[in-house]
Every structure is written in C-alpha cells, then in structure tokens.
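Presented below is the structure to which this report refers.
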Amino acid sequence: MATQDRFWAKVRKTDDCWIWTGAALKSGSGAFRGDGGRNIPAHRYAYLLSGRAIPGKARLIHECGNPLCVRPEHMFLGTPTNVLARSSAPGPGGCINWCERKTANGYGLLTVPGHKQILAHRLAFMLAHGDVPAGKCVLHKCDNPACVNPDHLFLGTKGDNNADRHAKGRTARGEKIAAKVRGELNYAARLTESDVRDIRRLAESGLSHGRLARRYRVDQSHITNIVNRKAWAHIP
Ligand SMILES: [Zn+2]
Ligand SMILES: [Zn+2]
C-alpha cells in the first residue's frame with residue numbers, strides 16, 4: 001500500500017476533527033510509521049501532505065485542542081516571538097504577564113488570525129513544548145494566571161495538583177482555578193455549563209441538533225458532540 005494510503009486508512013474523518021486511530025506518541029499526538037521505519041507525528045505528516053510548509057523553528061499547534069486530530073485546517077504555525085511577545089511584558093518574580101484581553105479569572109486570551117480564541121498560557125506552553133495531551137491541563141507554578149512564561153507552566157492532572165500542593169505547603173491557586181473553569185475557559189468555548197445542560201435536555205425532548213445549533217450559534221456537529229458527550233464530557 002502506498003504511504004499516503006496507509007496513513008489515511010488510520011484516519012476517521014468527522015465533520016469537525018479528523019481523528020488518528022493508530023498509535024499515539026507520548027505527547028498525545030498520533031504516531032505514523034513512515035517509510036523509513038521511524039515514527040513521525042501524524043498531524044505533522046498530514047500538514048505537510050496538504051502542501052503546507054513548516055519553517056525551521058515554528059511549532060505546529062492544534063487550535064482544536066485535540067492532539068490526535070490531523071485536519072490541517074485545525075492547525076496553525078506559531079513561534080513564541082510572533083504570537084506572544086508583542087502582547088506581554090516582564091513582571092515580578094520572572095513572570096511574563098499578558099497585557100491584553102483576559103478572562104474574568106485573569107487568564108490571557110487571544111485570537112490567532114483566522115482561528116479561534118485560545119488561552120494565552122496554553123498557547124505559550126504549546127509553543128515551547130508541543131501539544132497538551134488529552135486530559136491534561138496547563139497549570140501555573142507561579143499562581144499568576146496572566147503569566148505566559150513557559151518556564152512557569154507545567155502539565156498537570158488533579159493528582160499532580162494535590163502532590164504539588166503538599167510539596168509547596170500551600171494552595172496552588174492557579175491549578176484550582178484551572179480545574180474549576182476547565183469547560184467554560186476552553187478556548188473554543190462559546191457556551192456555558194448551563195447552556196450545555198440545557199442543550200442536552202432540549203435534545204432529549206426532541207429538538208433537532210440543527211435547531212439547537214442555530215439557537216446557540218454553534219456548529220451542528222458541536223451540538224451532536226455535546227449530546228453524545230464527546231464534548232463537555234466532564235458535565236454529567
Ligand atoms: Zn481538530
Ligand atoms: Zn509566572
């Protein structure tokens with residue numbers, strides 16, 4: 001089988017993301033075994049296959065937040081300088097503070113041209129270290145939600161959060177906030193948690209996904225994912 005055919009045989013296309021169904025790398029991205037026998041990130045392969053180029057220092061970032069997605073339109077190229085530097089300034093403690101738009105909780109928020117909204121610290125982490133594996137969140141060591149210094153950011157789970165808190169002997173505030181706002185601050189989110197509950201209730205009572213999509217002004221596929229608990233899965 002030709003290399004490309006081998007690749008696409010492992011991809012399940014939905015209206016939204018194109019999901020890699022083969023093995024995964026540690027980062028959470030798909031792993032595709034190229035002709036040389038070496039594993040390459042599946043999303044990178046798909047991006048190059050689409051005729052786009054990846055210059056030397058640029059990072060390929062998933063705007064959809066799904067490291068297994070290989071849809072080229074869901075990725076963009078970024079470098080720390082071109083995306084973040086113009087909108088941040090050094091602050092106390094080595095923090096680099098986001099100076100522009102912020103969420104109610106103080107997290108930096110930006111819109112990458114042609115793409116969706118994204119949390120600034122999450123983008124900073126991805127630019128420095130690559131994708132955020134599914135189920136992990138980007139947390140602040142410095143407890144400063146506006147900080148986008150990659151050295152102050154780390155990947156965590158709830159378990160890490162507790163261990164880290166013991167080690168530091170205090171409440172890791174940023175992590176708690178991050179856990180609390182997980183859904184509503186997800187950079188693509190335009191819905192609130194109560195919207196999500198309403199959508200599920202209305203869908204159950206027979207309202208079509210198309211009508212709900214128009215009512216809440218989101219894609220129909222997003223409604224379907226919400227109803228099937230592929231999106232907002234942490235809301236029961
Ligand atoms: Zn995607
Ligand atoms: Zn900091």
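Chains: A, B, ... in order of the structure tokens. Residues: from 1 per chain. Ligands: from 1, in order shown.
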Could you build a table of the residues in chain A lying no more than 10 Å from ligand 2, giving for each the nearest pair of atoms and their separation in Å rounded to one decimal place, using only C-alpha atoms and all ligand atoms, ordered by chain and ascending residue number, as CSV?
```
residue,atom,partner,partner_atom_place_in_ligand_line,distance
A:Pro90,CA,ligand 2,1 (Zn),9.4
A:Gly91,CA,ligand 2,1 (Zn),8.2
A:Pro92,CA,ligand 2,1 (Zn),8.3
A:Gly93,CA,ligand 2,1 (Zn),6.8
A:Gly94,CA,ligand 2,1 (Zn),6.1
A:Cys95,CA,ligand 2,1 (Zn),3.5
A:Ile96,CA,ligand 2,1 (Zn),6.1
A:Asn97,CA,ligand 2,1 (Zn),7.4
A:His121,CA,ligand 2,1 (Zn),9.8
A:His140,CA,ligand 2,1 (Zn),6.8
A:Lys141,CA,ligand 2,1 (Zn),6.9
A:Cys142,CA,ligand 2,1 (Zn),4.6
A:Asp143,CA,ligand 2,1 (Zn),7.0
A:Asn144,CA,ligand 2,1 (Zn),5.6
A:Pro145,CA,ligand 2,1 (Zn),7.9
A:Ala146,CA,ligand 2,1 (Zn),7.7
A:Cys147,CA,ligand 2,1 (Zn),4.5
A:Val148,CA,ligand 2,1 (Zn),6.7
A:Asn149,CA,ligand 2,1 (Zn),5.7
A:Pro150,CA,ligand 2,1 (Zn),8.3
A:Asp151,CA,ligand 2,1 (Zn),7.8
A:His152,CA,ligand 2,1 (Zn),4.9
A:Leu153,CA,ligand 2,1 (Zn),7.6
```
| task | Return as a ChimeraX atom specification every polymer residue, whether protein, DNA or RNA, with at least one atom no more than 8 Å from an atom of ligand 1; count only C-alpha atoms and all ligand atoms. | result | /A:16-19,62-71,73-75
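A straight line drawn from atom CA of A:Tyr216 to atom CA of A:Thr103 is 20.7 Å long.
Across the model, the gap from atom CA of A:Thr21 to atom CA of A:Leu49 is 17.9 Å.
One finds atom CA of A:Tyr45 at 21.2 Å from atom CA of A:Leu123.
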| note | Counting only C-alpha atoms, the residue among A:Arg122, A:Val132, A:Val196, A:Ser205 that lies closest to A:Ala231 is A:Val196
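Among A:Cys137, A:Ile235, A:Cys99, A:Ala58, the residue with the shortest atom-to-atom distance to A:Asp195, counting only C-alpha atoms, is A:Ile235.
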| Between A:Arg200, A:Lys136, A:Arg214, A:Lys13, which has the minimum distance to A:Gly28 (counting only C-alpha atoms)? | A:Lys136
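Residues of stretch 17-65 of chain A assigned to helix (DSSP H, G or I) by DSSP on this structure's backbone: Ala42, His43, Arg44, Tyr45, Ala46, Tyr47, Leu48 and Leu49 of chain A.
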| request: Might you pull out every residue within 8 Å of A:Ile199, with only C-alpha atoms counted and same-chain residues fewer than 4 positions away left off, and present them as a VMD selection string? | output: chain A and resid 195 203 212 223 226 to 227
| query | Taking the backbone alone, and naming residues the way the document does, which bits of stretch 42-112 of chain A are strand (DSSP E) by DSSP, as a list in words? | reply | Arg59, Leu60, Ile61, His62, Met75, Phe76, Leu77, Gly78, Ser88, Ala89, Pro90, Ile96, Asn97, Trp98, Leu109, Leu110 and Thr111 of chain A
